[in-house]
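Pasted below: start-v4.txt, compact mmCIF, C-alpha atoms.
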```txt
# COMPACT_ATOMS: atom_id res chain seq x y z
CA MET A 1 -24.15 16.78 -5.66
CA THR A 2 -24.10 15.36 -9.19
CA PRO A 3 -21.72 17.33 -11.43
CA LEU A 4 -23.26 19.07 -14.42
CA ALA A 5 -22.31 18.10 -17.96
CA PRO A 6 -20.26 20.82 -19.73
CA HIS A 7 -23.19 21.92 -21.90
CA GLU A 8 -25.46 22.18 -18.84
CA LYS A 9 -23.05 24.65 -17.26
CA ILE A 10 -23.10 27.15 -20.11
CA TYR A 11 -26.22 26.51 -22.22
CA VAL A 12 -28.42 29.61 -22.41
CA ASP A 13 -32.00 28.75 -23.30
CA SER A 14 -33.71 30.86 -25.96
CA GLU A 15 -36.44 31.44 -23.38
CA PHE A 16 -34.02 33.76 -21.61
CA ALA A 17 -34.23 36.21 -24.52
CA GLU A 18 -37.97 36.44 -23.92
CA ASP A 19 -37.53 37.52 -20.31
CA GLU A 20 -38.86 41.08 -20.25
CA ASN A 21 -36.26 42.17 -17.70
CA HIS A 22 -32.86 40.56 -18.02
CA GLY A 23 -33.44 39.04 -21.45
CA GLU A 24 -33.73 42.43 -23.10
CA MET A 25 -30.20 43.32 -22.04
CA GLY A 26 -27.20 42.47 -24.16
CA CYS A 27 -24.69 40.02 -22.75
CA GLU A 28 -21.99 42.68 -22.80
CA GLU A 29 -24.02 44.97 -20.51
CA CYS A 30 -23.17 42.69 -17.60
CA HIS A 31 -20.33 40.46 -18.76
CA GLY A 32 -18.34 42.90 -20.86
CA GLY A 33 -16.71 42.07 -24.18
CA ASP A 34 -17.40 43.49 -27.64
CA PRO A 35 -20.35 42.00 -29.60
CA SER A 36 -19.45 44.04 -32.68
CA GLU A 37 -16.07 42.34 -33.05
CA PRO A 38 -16.20 39.47 -35.62
CA ASP A 39 -13.12 37.70 -34.21
CA TRP A 40 -14.41 35.65 -31.27
CA LYS A 41 -11.14 35.90 -29.37
CA LYS A 42 -11.15 39.68 -29.56
CA ALA A 43 -14.89 39.79 -28.86
CA HIS A 44 -14.31 38.00 -25.54
CA VAL A 45 -11.52 40.25 -24.30
CA GLY A 46 -12.59 41.63 -20.92
CA VAL A 47 -15.45 39.17 -20.44
CA VAL A 48 -16.18 38.58 -16.75
CA LYS A 49 -17.66 35.25 -15.67
CA ASP A 50 -19.44 36.58 -12.58
CA PRO A 51 -20.09 40.30 -12.99
CA SER A 52 -21.70 40.44 -9.54
CA TYR A 53 -18.48 39.59 -7.67
CA PRO A 54 -16.71 41.25 -5.97
CA ASP A 55 -18.71 44.43 -6.70
CA PRO A 56 -22.18 44.33 -8.29
CA THR A 57 -22.71 48.10 -8.23
CA GLU A 58 -22.40 48.61 -11.99
CA THR A 59 -24.35 45.49 -12.95
CA CYS A 60 -27.02 44.29 -10.49
CA GLY A 61 -26.86 47.58 -8.65
CA SER A 62 -27.90 49.59 -11.72
CA CYS A 63 -31.45 48.32 -11.10
CA HIS A 64 -31.30 46.80 -7.61
CA GLU A 65 -29.56 49.73 -5.97
CA ASP A 66 -31.11 49.17 -2.54
CA ILE A 67 -29.81 45.58 -2.41
CA ALA A 68 -26.36 46.28 -3.84
CA GLU A 69 -25.89 49.10 -1.32
CA HIS A 70 -25.21 46.67 1.52
CA TYR A 71 -23.82 43.82 -0.59
CA GLN A 72 -20.35 43.91 0.95
CA SER A 73 -21.78 43.48 4.46
CA SER A 74 -23.56 40.23 3.61
CA LEU A 75 -21.77 37.47 5.51
CA HIS A 76 -22.13 35.24 2.44
CA VAL A 77 -20.00 37.70 0.51
CA SER A 78 -17.58 39.06 3.11
CA LEU A 79 -17.06 35.89 5.17
CA ALA A 80 -16.10 38.41 7.85
CA PRO A 81 -16.50 36.04 10.81
CA PHE A 82 -13.78 33.75 9.41
CA LYS A 83 -11.33 36.63 9.29
CA LYS A 84 -12.27 37.93 12.73
CA ILE A 85 -12.17 34.51 14.43
CA ILE A 86 -8.91 33.39 12.85
CA GLY A 87 -7.47 36.84 13.55
CA ALA A 88 -8.40 36.57 17.22
CA ARG A 89 -6.48 33.30 17.51
CA ALA A 90 -3.54 34.29 15.31
CA SER A 91 -0.08 35.28 16.46
CA GLY A 92 0.58 38.92 17.23
CA ASP A 93 3.87 38.70 15.34
CA SER A 94 3.17 40.59 12.09
CA ALA A 95 5.34 38.29 9.94
CA VAL A 96 3.61 35.18 11.30
CA PHE A 97 0.18 36.76 11.08
CA GLU A 98 0.78 37.65 7.44
CA LYS A 99 1.38 33.98 6.61
CA VAL A 100 -1.71 32.86 8.53
CA ASP A 101 -3.83 35.46 6.78
CA ALA A 102 -2.49 34.41 3.38
CA ALA A 103 -3.38 30.79 4.21
CA ARG A 104 -6.85 31.91 5.28
CA GLU A 105 -7.28 33.70 1.97
CA ALA A 106 -6.18 30.58 0.11
CA HIS A 107 -8.30 28.06 1.99
CA CYS A 108 -11.17 29.80 3.77
CA THR A 109 -12.53 32.25 1.20
CA SER A 110 -13.55 29.93 -1.63
CA CYS A 111 -17.05 29.41 -0.24
CA HIS A 112 -18.19 32.98 -0.73
CA SER A 113 -21.35 33.66 -2.70
CA SER A 114 -22.61 36.55 -4.82
CA CYS A 115 -25.79 37.80 -6.50
CA GLY A 116 -25.10 35.64 -9.53
CA GLN A 117 -24.06 32.60 -7.54
CA CYS A 118 -27.42 32.52 -5.80
CA HIS A 119 -29.84 33.71 -8.47
CA VAL A 120 -28.29 32.58 -11.78
CA SER A 121 -25.77 29.81 -11.17
CA ARG A 122 -24.71 27.32 -8.58
CA PRO A 123 -21.97 28.67 -6.29
CA GLU A 124 -18.41 28.25 -7.56
CA ALA A 125 -17.58 26.31 -4.39
CA VAL A 126 -19.78 23.48 -5.72
CA GLU A 127 -18.46 23.67 -9.30
CA GLY A 128 -20.81 26.36 -10.58
CA GLY A 129 -23.05 25.86 -13.60
CA LEU A 130 -26.24 27.68 -14.57
CA LEU A 131 -29.32 26.92 -12.48
CA GLU A 132 -31.79 27.10 -15.33
CA SER A 133 -30.13 28.06 -18.62
CA HIS A 134 -29.38 31.59 -17.36
CA LEU A 135 -32.97 32.33 -16.31
CA PHE A 136 -32.80 34.34 -13.08
CA GLN A 137 -34.30 32.72 -9.99
CA ARG A 138 -36.02 35.15 -7.64
CA ARG A 139 -35.73 32.60 -4.82
CA PRO A 140 -32.56 30.51 -5.02
CA PRO A 141 -33.33 26.78 -5.32
CA MET A 142 -32.76 25.16 -1.95
CA HIS A 143 -31.04 22.00 -3.22
CA THR A 144 -28.74 23.52 -5.83
CA VAL A 145 -27.80 26.66 -3.89
CA CYS A 146 -28.45 26.61 -0.12
CA THR A 147 -27.73 23.00 0.78
CA ALA A 148 -25.21 22.67 -2.03
CA CYS A 149 -22.89 24.68 0.23
CA HIS A 150 -24.44 23.95 3.62
CA GLY A 151 -24.79 20.22 3.03
CA SER A 152 -22.53 18.37 5.43
CA ARG A 153 -24.27 19.70 8.52
CA ILE A 154 -27.44 21.66 7.79
CA GLU A 155 -28.84 19.57 4.95
CA LYS A 156 -28.17 16.28 6.71
CA GLU A 157 -29.72 17.57 9.91
CA TYR A 158 -32.74 19.18 8.30
CA MET A 159 -33.49 16.38 5.85
CA GLY A 160 -32.88 13.57 8.36
CA LYS A 161 -29.82 12.15 6.58
CA ASN A 162 -27.89 11.44 9.78
CA LYS A 163 -28.42 7.81 10.71
CA GLY A 164 -30.97 7.37 13.47
CA ILE A 165 -31.87 11.09 13.64
CA PRO A 166 -35.26 12.11 12.21
CA PRO A 167 -35.62 15.13 9.92
CA ASP A 168 -36.43 18.52 11.38
CA VAL A 169 -40.08 18.85 12.33
CA HIS A 170 -40.37 21.84 10.00
CA LYS A 171 -39.36 19.67 7.06
CA GLY A 172 -42.73 17.94 7.46
CA LYS A 173 -44.31 21.22 6.36
CA TYR A 174 -41.43 21.49 3.87
CA PHE A 175 -40.25 24.87 4.92
CA LYS A 176 -37.54 25.90 2.50
CA CYS A 177 -34.55 27.87 3.74
CA ASN A 178 -36.08 31.21 2.81
CA LYS A 179 -39.06 30.57 5.06
CA CYS A 180 -36.82 31.59 7.97
CA HIS A 181 -33.76 33.09 6.28
CA THR A 182 -35.18 36.04 4.40
CA ALA A 183 -33.69 38.10 1.59
CA ASP A 184 -33.15 40.98 4.01
CA GLU A 185 -30.87 38.78 6.11
CA MET A 186 -29.02 37.33 3.13
CA HIS A 187 -28.42 40.71 1.46
CA GLY A 188 -26.82 42.34 4.52
CA ASP A 189 -27.82 45.52 6.29
CA GLY A 190 -24.58 47.49 6.17
CA LYS A 191 -23.41 46.46 9.65
CA ASP A 192 -20.16 44.63 10.35
CA TYR A 193 -21.08 41.59 12.45
CA ALA A 194 -18.61 39.43 14.34
CA ASN A 195 -20.71 36.32 13.80
CA ARG A 196 -24.07 35.26 12.37
CA TYR A 197 -25.72 35.21 15.79
CA GLU A 198 -25.33 38.99 16.03
CA VAL A 199 -27.23 39.67 12.80
CA GLU A 200 -30.21 41.76 13.86
CA ASN A 201 -32.67 40.47 11.25
CA ALA A 202 -31.67 36.82 11.58
CA PRO A 203 -34.57 34.45 12.38
CA LYS A 204 -35.68 33.71 15.92
CA CYS A 205 -37.95 30.90 17.08
CA LEU A 206 -40.28 33.50 18.56
CA ASP A 207 -40.87 34.99 15.11
CA CYS A 208 -43.34 32.16 14.58
CA HIS A 209 -43.85 30.78 18.09
CA GLU A 210 -44.70 34.15 19.58
CA THR A 211 -47.45 32.88 21.90
CA ILE A 212 -45.57 30.12 23.75
CA TYR A 213 -45.45 32.24 26.93
CA ALA A 214 -49.12 33.21 26.79
CA ALA A 215 -51.40 32.31 29.70
CA ASP A 216 -53.39 29.85 27.57
CA ALA A 217 -50.42 28.37 25.69
CA GLU A 218 -49.74 24.65 25.69
CA ASN A 219 -46.77 23.74 27.95
CA LYS A 220 -46.74 27.35 29.19
CA GLU A 221 -45.24 26.38 32.57
CA GLN A 222 -42.21 24.66 31.02
CA HIS A 223 -41.64 27.54 28.64
CA GLN A 224 -42.06 30.20 31.30
CA GLN A 225 -39.75 28.40 33.74
CA HIS A 226 -36.98 28.06 31.17
CA LYS A 227 -37.36 31.47 29.53
CA ASP A 228 -34.00 33.25 29.28
CA ARG A 229 -32.36 30.32 31.07
CA VAL A 230 -31.89 27.83 28.23
CA SER A 231 -31.99 28.23 24.46
CA CYS A 232 -34.84 26.56 22.58
CA GLN A 233 -32.41 24.04 21.08
CA VAL A 234 -31.40 22.74 24.51
CA CYS A 235 -34.84 21.19 24.81
CA HIS A 236 -35.78 20.71 21.16
CA ALA A 237 -32.64 19.75 19.19
CA MET A 238 -31.32 16.26 18.49
CA PRO A 239 -27.68 15.05 18.23
CA TYR A 240 -25.61 16.74 15.53
CA LYS A 241 -22.20 16.45 13.88
CA ASN A 242 -19.08 17.70 15.65
CA CYS A 243 -15.69 17.89 13.92
CA THR A 244 -12.16 18.23 15.25
CA ALA A 245 -8.78 19.49 14.08
CA CYS A 246 -8.76 20.74 10.50
CA HIS A 247 -5.33 21.09 8.92
CA PHE A 248 -4.60 23.02 5.72
CA GLY A 249 -1.81 22.56 3.22
CA LYS A 250 -0.72 21.85 -0.35
CA ASP A 251 0.25 18.55 -1.98
CA LYS A 252 3.34 17.92 -4.12
CA GLN A 253 1.55 19.38 -7.15
CA GLY A 254 0.72 22.54 -5.24
CA LEU A 255 -2.98 21.72 -4.99
CA LYS A 256 -4.68 22.95 -1.82
CA TYR A 257 -6.21 20.43 0.56
CA PHE A 258 -7.60 20.17 4.06
CA LYS A 259 -7.88 17.21 6.40
CA THR A 260 -9.99 16.85 9.52
CA GLU A 261 -9.63 14.38 12.34
CA ALA A 262 -12.56 12.59 13.99
CA SER A 263 -16.19 13.58 13.42
CA THR A 264 -18.82 12.47 15.92
CA MET A 265 -22.56 12.74 16.41
CA ASP A 266 -23.12 14.28 19.81
CA PHE A 267 -25.32 16.61 21.84
CA LYS A 268 -23.77 18.92 24.40
CA ILE A 269 -25.17 21.70 26.55
CA GLY A 270 -22.71 24.32 27.75
CA LEU A 271 -22.43 27.84 29.08
CA ASN A 272 -23.42 30.53 26.60
CA PRO A 273 -20.26 32.04 25.03
CA LEU A 274 -22.25 34.80 23.28
CA LYS A 275 -24.42 35.99 26.13
CA SER A 276 -26.14 39.26 25.30
CA GLN A 277 -29.46 41.07 25.54
CA ARG A 278 -30.50 39.26 22.38
CA ARG A 279 -29.31 35.88 23.70
CA PRO A 280 -29.51 36.02 27.50
CA GLU A 281 -29.67 32.26 28.14
CA LYS A 282 -27.21 30.68 30.54
CA TYR A 283 -27.24 27.29 28.80
CA VAL A 284 -27.07 26.69 25.04
CA THR A 285 -26.22 23.84 22.70
CA LEU A 286 -22.55 23.73 21.72
CA ARG A 287 -20.91 22.26 18.62
CA HIS A 288 -17.22 21.50 18.24
CA VAL A 289 -15.65 23.25 15.27
CA PRO A 290 -12.67 21.86 13.30
CA VAL A 291 -9.83 24.10 14.47
CA ASP A 292 -6.55 23.12 16.07
CA GLN A 293 -3.41 24.80 17.36
CA ASP A 294 -1.60 23.45 14.29
CA SER A 295 -4.29 24.14 11.67
CA PHE A 296 -1.89 26.38 9.70
CA LYS A 297 1.37 24.59 10.55
CA PHE A 298 2.01 23.81 6.87
CA TYR A 299 2.49 27.54 6.33
CA VAL A 300 4.03 28.72 9.60
CA ASP A 301 4.86 27.44 13.08
CA ASN A 302 2.75 28.65 15.98
CA GLY A 303 0.46 30.57 13.63
CA LEU A 304 -2.43 30.40 16.09
CA ALA A 305 -0.38 31.53 19.09
CA LYS A 306 -3.51 32.93 20.77
CA PHE A 307 -5.51 29.76 20.16
CA ASP A 308 -7.08 29.83 23.62
CA ALA A 309 -8.69 33.24 22.99
CA LEU A 310 -11.89 31.55 21.78
CA PRO A 311 -13.59 28.24 22.60
CA THR A 312 -13.54 25.37 20.13
CA TRP A 313 -17.00 24.38 21.41
CA LYS A 314 -19.17 27.17 19.98
CA MET A 315 -22.83 28.02 20.27
CA THR A 316 -24.94 26.21 17.70
CA THR A 317 -28.54 26.14 16.55
CA PRO A 318 -28.97 22.70 14.95
CA HIS A 319 -31.46 22.27 12.13
CA ASN A 320 -32.95 19.05 13.50
CA ILE A 321 -35.67 20.40 15.78
CA GLN A 322 -38.24 18.02 17.29
CA ARG A 323 -41.24 18.78 19.46
CA LYS A 324 -40.38 15.82 21.70
CA THR A 325 -36.77 14.85 22.36
CA PRO A 326 -34.96 12.56 24.82
CA GLN A 327 -33.96 15.54 26.98
CA ASN A 328 -37.50 16.93 27.32
CA ALA A 329 -39.23 13.61 27.92
CA SER A 330 -39.41 14.54 31.61
CA CYS A 331 -37.83 17.08 33.95
CA ASN A 332 -35.15 14.65 35.09
CA ALA A 333 -34.37 13.57 31.55
CA CYS A 334 -32.24 16.74 31.61
CA HIS A 335 -32.00 17.87 35.24
CA GLY A 336 -29.27 15.91 36.96
CA LYS A 337 -28.20 14.20 33.73
CA ALA A 338 -24.55 15.21 33.56
CA SER A 339 -23.93 13.30 30.31
CA LEU A 340 -25.87 15.97 28.39
CA PHE A 341 -23.57 18.74 29.56
CA LEU A 342 -20.09 19.66 28.36
CA LEU A 343 -17.95 18.64 31.32
CA GLU A 344 -14.20 18.96 31.61
CA LYS A 345 -13.78 15.25 30.90
CA ASP A 346 -15.57 15.68 27.57
CA VAL A 347 -13.00 18.13 26.23
CA ILE A 348 -9.82 17.03 24.46
CA PRO A 349 -7.00 17.96 26.87
CA LYS A 350 -5.17 20.28 24.46
CA TYR A 351 -8.41 22.28 24.03
CA LEU A 352 -9.17 22.65 27.74
CA ASN A 353 -7.88 26.18 28.22
CA ALA A 354 -9.74 27.44 25.17
CA ASN A 355 -13.02 26.09 26.51
CA ARG A 356 -12.89 27.16 30.16
CA THR A 357 -15.68 29.68 29.62
CA VAL A 358 -18.16 27.15 28.18
CA ILE A 359 -17.40 24.03 30.23
CA VAL A 360 -20.06 23.21 32.81
CA ALA A 361 -18.73 22.41 36.26
CA GLU A 362 -20.37 19.39 37.85
CA ASP A 363 -22.02 21.58 40.49
CA GLN A 364 -23.50 23.71 37.68
CA VAL A 365 -25.51 20.82 36.25
CA PRO A 366 -29.14 21.55 37.20
CA ALA A 367 -30.14 19.30 40.09
CA LYS A 368 -32.85 16.68 39.85
CA VAL A 369 -36.33 17.84 40.75
CA ALA A 370 -39.29 16.13 42.35
CA GLU A 371 -41.68 14.91 39.67
```
Spell out the structure here as structure tokens.
Amino acid sequence: MTPLAPHEKIYVDSEFAEDENHGEMGCEECHGGDPSEPDWKKAHVGVVKDPSYPDPTETCGSCHEDIAEHYQSSLHVSLAPFKKIIGARASGDSAVFEKVDAAREAHCTSCHSSCGQCHVSRPEAVEGGLLESHLFQRRPPMHTVCTACHGSRIEKEYMGKNKGIPPDVHKGKYFKCNKCHTADEMHGDGKDYANRYEVENAPKCLDCHETIYAADAENKEQHQQHKDRVSCQVCHAMPYKNCTACHFGKDKQGLKYFKTEASTMDFKIGLNPLKSQRRPEKYVTLRHVPVDQDSFKFYVDNGLAKFDALPTWKMTTPHNIQRKTPQNASCNACHGKASLFLLEKDVIPKYLNANRTVIVAEDQVPAKVAE
């Protein structure tokens, strides 16, 4: 994303003062400071750049009480899954765990968002800057907020920026992110979720495609035969990016950095690691995530002592959906085609134990059928 010029980051348009809601409030009502103080240095004592983080109760919540009530449970704010997942892999030794958790705080919490970093400015993780001269945006702009953070995977998938992979079929109708991901989902509901796939008001394909199992539906036989057996993405997603082995550390100047190893475009079907009443399918698409036994080695040896507690190939729902894909061209474009499935030979040897629950044994690959 193109960086903003300094004046673009802070310029407040006079139009903001004409806004009948936020424009009628004094700056100090949200940001603090003392507007009656003639000395600018003293006037700015106590000024807060983002008054909506970490607690918006006294600012946004003074009017938007219902939204601020569950603010802390929003995964965009809490980043709770990072803490839970890293914690599950981390050493049980309290001294070692403390160092891993400190490294997580230093490296894995910078991508949080807030009320202000969605509705007033670009997120700090992408260098901040006002979206539109401090005018509040009811719906965050997709390009400067959503895909500014979720660009390397979601934006490239959805917009067709991965070489040879077409854009998501929904992009043709130009669905913006909030078409599926509603404010209710983004704002949290007060529940502490282990991962985004547990979120109860997260979007489901059936929210729109509710009639695919109907007696008069097109392709009803295929949909009925595969219902609760495979996820929608198994048949309708295209290849997507997979990353391996992220390592965190600091350079000689003390600046934080991270480095990943190989990234590949791939498509793999595996056993569902999050099987539940909400997601009963046996087979789902899996994406490799950039974690390694030595991810935190810069800070402590054997920090992820329980690395094998979770798979490194995790369930994914790629944003590159197509009505027709190579794997649904015919029954046997998938059935009997072992190359589509995550087999033991596809897994990096040092990650084998971690992925035992998602690897598909050769005799588990659906057999060819008569066509």
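Counting only C-alpha atoms and comparing A:Tyr240, A:Phe267, A:Phe82, A:Tyr351, the residue that lies closest to Gln293 (chain A) is A:Tyr351.
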Between A:Leu4, A:Ala102, A:Ala194, A:Met25, which has the minimum distance to Ser73 (chain A) (counting all atoms listed in the file)?
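Of A:Leu4, A:Ala102, A:Ala194, A:Met25, the one nearest Ser73 (chain A), counting all atoms listed in the file, is A:Ala194.
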Could you name the residues that touch Thr260 (chain A) at 8 Å or less, counting all atoms listed in the file, but leaving out those on the same chain fewer than 4 positions away, as number ranges by chain?
A: 243-247, 290
Would you output that residue set with C-alpha atoms, as a PDB file, keeping the file's coordinate frame?
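Saved the output as selection.pdb:
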```
ATOM      1  CA  CYS A 243     -15.690  17.890  13.920  1.00  0.00           C
ATOM      2  CA  THR A 244     -12.160  18.230  15.250  1.00  0.00           C
ATOM      3  CA  ALA A 245      -8.780  19.490  14.080  1.00  0.00           C
ATOM      4  CA  CYS A 246      -8.760  20.740  10.500  1.00  0.00           C
ATOM      5  CA  HIS A 247      -5.330  21.090   8.920  1.00  0.00           C
ATOM      6  CA  PRO A 290     -12.670  21.860  13.300  1.00  0.00           C
TER       7      PRO A 290
END
```
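A straight line drawn from CA of Val369 (chain A) to CA of Thr285 (chain A) is 21.5 Å long.
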Nearest candidate to His170 (chain A) (options A:Lys9, A:Thr264, A:Ile321, A:Ile154; using all atoms listed in the file):
A:Ile321
Counting only C-alpha atoms, find residues at most 12 Å from (-9.0, 20.4, 25.7) (file frame) and give them as a list of chain:residue names.
A:Thr244, A:Ala245, A:His288, A:Val291, A:Asp292, A:Gln293, A:Phe307, A:Asp308, A:Pro311, A:Thr312, A:Trp313, A:Leu342, A:Leu343, A:Glu344, A:Lys345, A:Asp346, A:Val347, A:Ile348, A:Pro349, A:Lys350, A:Tyr351, A:Leu352, A:Asn353, A:Ala354, A:Asn355, A:Arg356, A:Val358, A:Ile359
Wanna dump the region 254-323 of chain A-region 198-204 of chain A contacts at 10 Å for me, each residue with its shortest atom pair and the distance in Å to one decimal, counting all atoms listed in the file, ordered by chain and number, as CSV?
```
residue,atom,partner,partner_atom,distance
A:Leu274,CA,A:Glu198,CA,8.9
A:Ser276,CA,A:Glu198,CA,9.3
A:Arg278,CA,A:Glu198,CA,8.2
A:Arg279,CA,A:Glu198,CA,9.2
```
Quick one: distance from CA of Ala305 (chain A) to CA of Ala90 (chain A) in Å, one decimal?
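If I compute the distance from CA of Ala305 (chain A) to CA of Ala90 (chain A), I get 5.6 Å.
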Counting only C-alpha atoms, which residue out of A:Val48, A:Cys108, A:Ile86, A:Val169 sits closest to Asn320 (chain A)?
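Smallest separation from Asn320 (chain A) among the options: A:Val169.
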Distance query Pro81 (chain A) at most 12 Å, only C-alpha atoms, self and fewer than 2 positions along chain excluded, as a list in words:
Ser73, Ser74, Leu75, His76, Val77, Ser78, Leu79, Lys83, Lys84, Ile85, Ile86, Gly87, Ala88, Arg104, Cys108, Thr109, Asp192, Tyr193, Ala194, Asn195, Arg196, Tyr197, Glu198 and Val199 of chain A
Would you mind listing what lies within 9 Å of Ser152 (chain A) as a count of residues only, with all atoms listed in the file counted and same-chain residues fewer than 5 positions away left out?
3
